[in-house]
file model06.txt (compact mmCIF, C-alpha atoms and all ligand atoms)
# COMPACT_ATOMS: atom_id res chain seq x y z
CA MET H 1 115.29 10.99 -66.70
CA ALA H 2 115.47 7.51 -65.21
CA TRP H 3 118.98 6.13 -64.88
CA PRO H 4 119.70 3.45 -65.88
CA GLU H 5 117.08 3.23 -68.59
CA SER H 6 114.14 1.14 -67.47
CA GLY H 7 114.84 -2.58 -67.87
CA ALA H 8 118.36 -2.09 -69.24
CA VAL H 9 120.15 -3.32 -66.13
CA ARG H 10 119.00 -5.87 -63.55
CA VAL H 11 120.52 -5.38 -60.08
CA LEU H 12 122.81 -8.23 -59.05
CA TYR H 13 124.54 -6.70 -56.02
CA THR H 14 123.17 -3.64 -54.27
CA GLU H 15 125.26 -0.77 -52.95
CA ALA H 16 124.80 -2.14 -49.42
CA GLN H 17 125.94 -5.64 -50.41
CA ILE H 18 129.01 -4.22 -52.14
CA ARG H 19 129.82 -2.03 -49.14
CA GLU H 20 129.58 -5.02 -46.80
CA LYS H 21 131.75 -7.18 -49.10
CA VAL H 22 134.39 -4.47 -49.48
CA SER H 23 134.53 -4.03 -45.69
CA GLU H 24 134.94 -7.79 -45.26
CA LEU H 25 137.82 -7.84 -47.79
CA GLY H 26 139.37 -4.83 -46.07
CA ARG H 27 139.26 -6.61 -42.72
CA ARG H 28 140.92 -9.73 -44.16
CA ILE H 29 143.63 -7.71 -45.91
CA THR H 30 144.23 -5.69 -42.73
CA CYS H 31 144.84 -8.93 -40.79
CA ASP H 32 146.93 -10.59 -43.50
CA TYR H 33 149.25 -7.63 -44.15
CA ASP H 34 149.61 -6.32 -40.61
CA GLY H 35 153.21 -5.12 -40.18
CA LYS H 36 154.04 -5.56 -43.88
CA PRO H 37 154.57 -2.75 -46.40
CA LEU H 38 151.66 -3.01 -48.85
CA VAL H 39 151.06 -1.38 -52.25
CA LEU H 40 147.71 -1.71 -53.99
CA VAL H 41 148.00 -1.65 -57.78
CA GLY H 42 144.69 -0.97 -59.49
CA ILE H 43 144.04 -1.69 -63.13
CA LEU H 44 142.23 1.18 -64.83
CA ASN H 45 139.53 2.01 -65.55
CA GLY H 46 137.34 -0.66 -64.06
CA SER H 47 138.98 -1.11 -60.66
CA ALA H 48 138.96 2.58 -59.69
CA PRO H 49 135.77 2.64 -57.55
CA PHE H 50 136.65 -0.70 -55.94
CA LEU H 51 140.22 0.31 -55.10
CA CYS H 52 139.11 3.68 -53.72
CA ASP H 53 136.55 2.04 -51.42
CA LEU H 54 138.79 -0.89 -50.49
CA MET H 55 141.80 1.20 -49.49
CA ARG H 56 139.65 3.07 -46.99
CA ARG H 57 138.68 -0.23 -45.37
CA ILE H 58 142.31 -1.32 -44.90
CA GLU H 59 143.50 -0.11 -41.55
CA LEU H 60 147.21 -0.07 -42.42
CA PRO H 61 149.60 2.57 -43.83
CA ILE H 62 149.33 1.43 -47.45
CA GLU H 63 150.35 3.01 -50.77
CA TYR H 64 148.45 2.72 -54.03
CA SER H 65 148.98 3.22 -57.72
CA PHE H 66 147.14 2.59 -60.99
CA ILE H 67 148.21 1.13 -64.30
CA SER H 68 146.30 0.94 -67.53
CA VAL H 69 146.08 -2.11 -69.77
CA SER H 70 143.60 -3.17 -72.40
CA SER H 71 142.90 -6.73 -73.26
CA TYR H 72 140.08 -6.94 -75.71
CA GLY H 73 139.68 -6.28 -79.37
CA ARG H 74 136.09 -6.22 -80.48
CA ASP H 75 135.40 -9.64 -78.99
CA THR H 76 135.77 -10.31 -75.27
CA THR H 77 136.34 -14.01 -75.82
CA SER H 78 139.19 -14.29 -78.27
CA SER H 79 141.59 -11.37 -78.49
CA GLY H 80 145.13 -12.32 -77.62
CA VAL H 81 146.41 -8.76 -77.60
CA VAL H 82 147.11 -7.10 -74.27
CA ARG H 83 148.51 -3.61 -74.30
CA VAL H 84 150.00 -1.88 -71.28
CA HIS H 85 149.27 1.82 -71.81
CA SER H 86 150.75 3.24 -68.65
CA GLU H 87 153.61 1.75 -66.71
CA LEU H 88 153.79 1.52 -62.97
CA ARG H 89 156.07 4.27 -61.70
CA HIS H 90 155.80 3.13 -58.12
CA ASP H 91 158.80 1.52 -56.38
CA VAL H 92 157.61 -1.91 -55.23
CA ARG H 93 160.98 -3.25 -54.11
CA ASP H 94 160.70 -5.14 -50.80
CA LYS H 95 156.99 -4.38 -50.64
CA HIS H 96 153.96 -6.65 -50.84
CA VAL H 97 151.78 -5.93 -53.85
CA LEU H 98 148.07 -6.56 -54.18
CA VAL H 99 146.81 -6.21 -57.74
CA VAL H 100 143.24 -4.91 -57.55
CA GLU H 101 140.90 -5.97 -60.35
CA ASP H 102 137.24 -5.23 -60.91
CA ILE H 103 136.63 -8.69 -62.34
CA VAL H 104 138.68 -11.68 -63.43
CA ASP H 105 137.00 -13.30 -66.40
CA THR H 106 139.20 -15.37 -68.75
CA GLY H 107 142.29 -14.24 -66.82
CA LEU H 108 144.04 -13.66 -70.15
CA SER H 109 144.61 -9.94 -69.70
CA LEU H 110 146.46 -10.48 -66.43
CA GLU H 111 148.43 -13.39 -67.85
CA ARG H 112 149.33 -11.72 -71.13
CA SER H 113 150.27 -8.40 -69.57
CA TYR H 114 152.99 -10.23 -67.59
CA LEU H 115 152.08 -7.88 -64.76
CA LEU H 116 152.55 -10.43 -61.98
CA PRO H 117 156.04 -11.68 -63.04
CA ASN H 118 156.99 -8.11 -63.88
CA LEU H 119 156.17 -6.94 -60.35
CA LEU H 120 158.26 -9.77 -58.90
CA GLU H 121 161.15 -8.84 -61.21
CA ARG H 122 160.91 -5.30 -59.85
CA GLY H 123 161.60 -6.71 -56.39
CA ALA H 124 158.11 -7.07 -54.91
CA THR H 125 158.21 -9.46 -51.97
CA THR H 126 154.85 -11.03 -52.86
CA VAL H 127 152.25 -10.36 -55.54
CA LYS H 128 148.63 -11.34 -54.99
CA ILE H 129 145.34 -10.55 -56.68
CA CYS H 130 142.20 -9.08 -55.15
CA ALA H 131 139.15 -9.14 -57.43
CA LEU H 132 135.74 -7.76 -56.59
CA MET H 133 134.22 -10.38 -58.87
CA ASP H 134 135.40 -13.68 -60.26
CA LYS H 135 133.98 -15.64 -63.20
CA PRO H 136 135.83 -18.97 -62.83
CA CYS H 137 133.62 -20.72 -65.41
CA ARG H 138 135.19 -18.58 -68.15
CA ARG H 139 138.82 -18.98 -67.11
CA ARG H 140 141.36 -19.62 -69.86
CA ALA H 141 144.55 -18.73 -67.98
CA LYS H 142 146.20 -20.03 -64.83
CA ILE H 143 145.11 -17.06 -62.75
CA THR H 144 143.44 -17.48 -59.37
CA PRO H 145 142.56 -14.40 -57.34
CA ASP H 146 143.68 -14.61 -53.72
CA TYR H 147 140.83 -12.41 -52.50
CA ILE H 148 137.43 -12.60 -54.17
CA GLY H 149 134.38 -10.51 -53.38
CA PHE H 150 131.68 -12.28 -55.39
CA THR H 151 131.86 -15.40 -57.56
CA ILE H 152 129.49 -15.11 -60.49
CA GLY H 153 128.48 -17.22 -63.49
CA ASP H 154 128.81 -16.48 -67.18
CA GLU H 155 127.07 -13.13 -67.03
CA PHE H 156 128.12 -9.76 -68.37
CA VAL H 157 127.95 -7.31 -65.50
CA VAL H 158 128.09 -3.54 -65.39
CA GLY H 159 128.31 -0.81 -62.77
CA TYR H 160 130.68 0.06 -59.92
CA GLY H 161 133.44 0.65 -62.49
CA LEU H 162 132.44 -1.98 -65.05
CA ASP H 163 131.19 -0.87 -68.43
CA ALA H 164 129.44 -2.10 -71.55
CA ASP H 165 130.77 -0.11 -74.49
CA GLY H 166 131.84 2.66 -72.12
CA ARG H 167 128.48 2.96 -70.37
CA TYR H 168 127.22 2.23 -66.86
CA ARG H 169 130.57 2.58 -65.03
CA ASN H 170 129.04 5.12 -62.64
CA LEU H 171 126.18 2.94 -61.45
CA PRO H 172 126.59 2.54 -57.67
CA PHE H 173 125.45 -1.10 -57.86
CA VAL H 174 126.47 -4.09 -59.99
CA GLY H 175 123.90 -5.27 -62.49
CA VAL H 176 123.44 -7.59 -65.42
CA CYS H 177 123.07 -5.93 -68.75
CA GLY H 178 119.93 -6.55 -70.74
CA ARG H 179 122.02 -7.48 -73.73
CA SER H 180 125.02 -9.80 -73.93
CA GLY H 181 127.58 -7.00 -73.74
CA ARG H 182 130.20 -9.22 -75.31
CA GLU H 183 131.01 -6.53 -77.86
CA ASN H 184 132.88 -4.55 -75.19
CA ASP H 185 135.40 -2.33 -76.94
CA GLY H 186 138.37 -3.20 -74.80
CA GLN H 187 138.59 -0.11 -72.67
CA LYS H 188 139.14 -1.63 -69.26
P1 LIG W 201 139.90 -11.16 -68.55
O1 LIG W 201 141.23 -10.89 -69.18
O2 LIG W 201 139.01 -11.96 -69.47
O3 LIG W 201 139.99 -11.74 -67.19
O4 LIG W 201 139.15 -9.79 -68.47
C1 LIG W 201 139.44 -8.84 -67.55
C2 LIG W 201 138.78 -7.54 -67.87
O5 LIG W 201 137.71 -7.64 -68.83
C3 LIG W 201 138.14 -6.98 -66.64
O6 LIG W 201 139.07 -6.28 -65.84
C4 LIG W 201 137.06 -6.08 -67.24
O7 LIG W 201 137.60 -4.84 -67.58
C5 LIG W 201 136.64 -6.82 -68.50
N1 LIG W 201 135.45 -7.66 -68.22
C6 LIG W 201 135.42 -8.98 -68.04
N2 LIG W 201 134.16 -9.40 -67.76
C7 LIG W 201 133.40 -8.29 -67.75
C8 LIG W 201 132.01 -8.06 -67.47
O8 LIG W 201 131.20 -8.94 -67.16
N3 LIG W 201 131.60 -6.75 -67.55
C9 LIG W 201 132.43 -5.73 -67.88
N4 LIG W 201 133.74 -5.90 -68.11
C10 LIG W 201 134.21 -7.18 -68.04
call {"tool": "encode", "arguments": {"input": "model06.txt", "output": "structure tokens", "more": "lines below"}}
Ligand code: IMP
result
Amino acid sequence: MAWPESGAVRVLYTEAQIREKVSELGRRITCDYDGKPLVLVGILNGSAPFLCDLMRRIELPIEYSFISVSSYGRDTTSSGVVRVHSELRHDVRDKHVLVVEDIVDTGLSLERSYLLPNLLERGATTVKICALMDKPCRRRAKITPDYIGFTIGDEFVVGYGLDADGRYRNLPFVGVCGRSGRENDGQK
């Protein structure tokens, strides 16, 4: 069986391009956080492959943790509801936090989860965002990732953790779905 189905997904970034980009981000983060206690906080489910690869490219004694939030109802463009399903149990006091996202699209899920102010209230020294992909043309919140892998246009992408209706997360590359994908069910 051919996977993905023929014509369903057009490759946007190959495994090699992603590997190179993740290494580059890892090098920058290694330089920027040298000598500072760093915690990576990944947002499930989408950021899992990215965080797992990125942390192995950071040559520092870091910690990492995941939280789970969902932002979308049936429509990726309009839902204002953001639910935090699992709280961060990690102690971030006096540590630098890097929130790891698969993609920042409207920015509303990060804004409406209050994750960034919440981490500062918990005593984090700094809170920054690292996103594998950024879609600035769709931004509706004042969220700007500090580290960006790829800047893309208004395209719905899948693979390397990103899904369309729960599918394609396990593709090793990032591709553009044959259909709009805007009916994503909200499972991040
Ligand atoms: P935002 O709140 O609009 O920034 O959306 C953030 C989340 O929506 C991401 O972490 C993804 O889980 C999901 N998302 C946004 N754009 C895409 C896409 O192109 N493909 C798959 N999921 C996406």
call {"tool": "residues_around", "arguments": {"input": "model06.txt", "residues": "Glu101 of chain H", "least_positions_apart": "2", "cutoff": "7 Å", "atoms": "only C-alpha atoms", "output": "ChimeraX atom specification"}}
result
/H:42-43,47,99,103-104,130-132
call {"tool": "closest_residue", "arguments": {"input": "model06.txt", "among": "H:Trp3, H:Phe173, H:Phe156, H:Tyr147", "to": "Arg28 of chain H", "atoms": "all atoms listed in the file"}}
result
H:Tyr147
call {"tool": "atom_distance", "arguments": {"input": "model06.txt", "atom1": "atom CA of Val82 of chain H", "atom2": "atom CA of Thr151 of chain H"}}
result
24.1 Å
call {"tool": "residues_around", "arguments": {"input": "model06.txt", "residues": "Glu20 of chain H", "least_positions_apart": "4", "cutoff": "12 Å", "atoms": "all atoms listed in the file", "output": "list of chain:residue names"}}
result
H:Tyr13, H:Thr14, H:Glu15, H:Ala16, H:Glu24, H:Leu25, H:Gly26, H:Arg27, H:Asp53, H:Leu54, H:Arg57, H:Leu132, H:Gly149, H:Phe150
call {"tool": "axis_aligned_box", "arguments": {"input": "model06.txt", "around": "ligand LIG 201 (chain W)", "padding_each_side": "8 Å", "output": "AutoDock Vina command-line options"}}
result
--center_x 136.2 --center_y -8.4 --center_z -67.7 --size_x 26.0 --size_y 23.1 --size_z 19.6
call {"tool": "atom_distance", "arguments": {"input": "model06.txt", "atom1": "atom O4 of ligand LIG 201 (chain W)", "atom2": "atom CA of Lys95 of chain H"}}
result
25.8 Å
call {"tool": "residues_around", "arguments": {"input": "model06.txt", "residues": "Arg138 of chain H", "least_positions_apart": "4", "cutoff": "8 Å", "atoms": "all atoms listed in the file", "output": "VMD selection string"}}
result
chain H and resid 105 to 106 154
call {"tool": "closest_residue", "arguments": {"input": "model06.txt", "among": "H:Ile152, H:Val84, H:Ile143, H:Leu108", "to": "ligand LIG 201 (chain W)", "atoms": "all atoms listed in the file"}}
result
H:Leu108
call {"tool": "atom_distance", "arguments": {"input": "model06.txt", "atom1": "atom CA of Val9 of chain H", "atom2": "atom CA of Arg167 of chain H"}}
result
11.3 Å
call {"tool": "closest_residue", "arguments": {"input": "model06.txt", "among": "H:Lys128, H:Arg112, H:Arg19, H:His90", "to": "ligand LIG 201 (chain W)", "atoms": "all atoms listed in the file"}}
result
H:Arg112
call {"tool": "residues_around", "arguments": {"input": "model06.txt", "residues": "segment 168-171 of chain H", "least_positions_apart": "3", "cutoff": "12 Å", "atoms": "only C-alpha atoms", "output": "number ranges by chain"}}
result
H: 3-5, 8-15, 44-50, 102, 157-165, 174-177, 181, 187-188
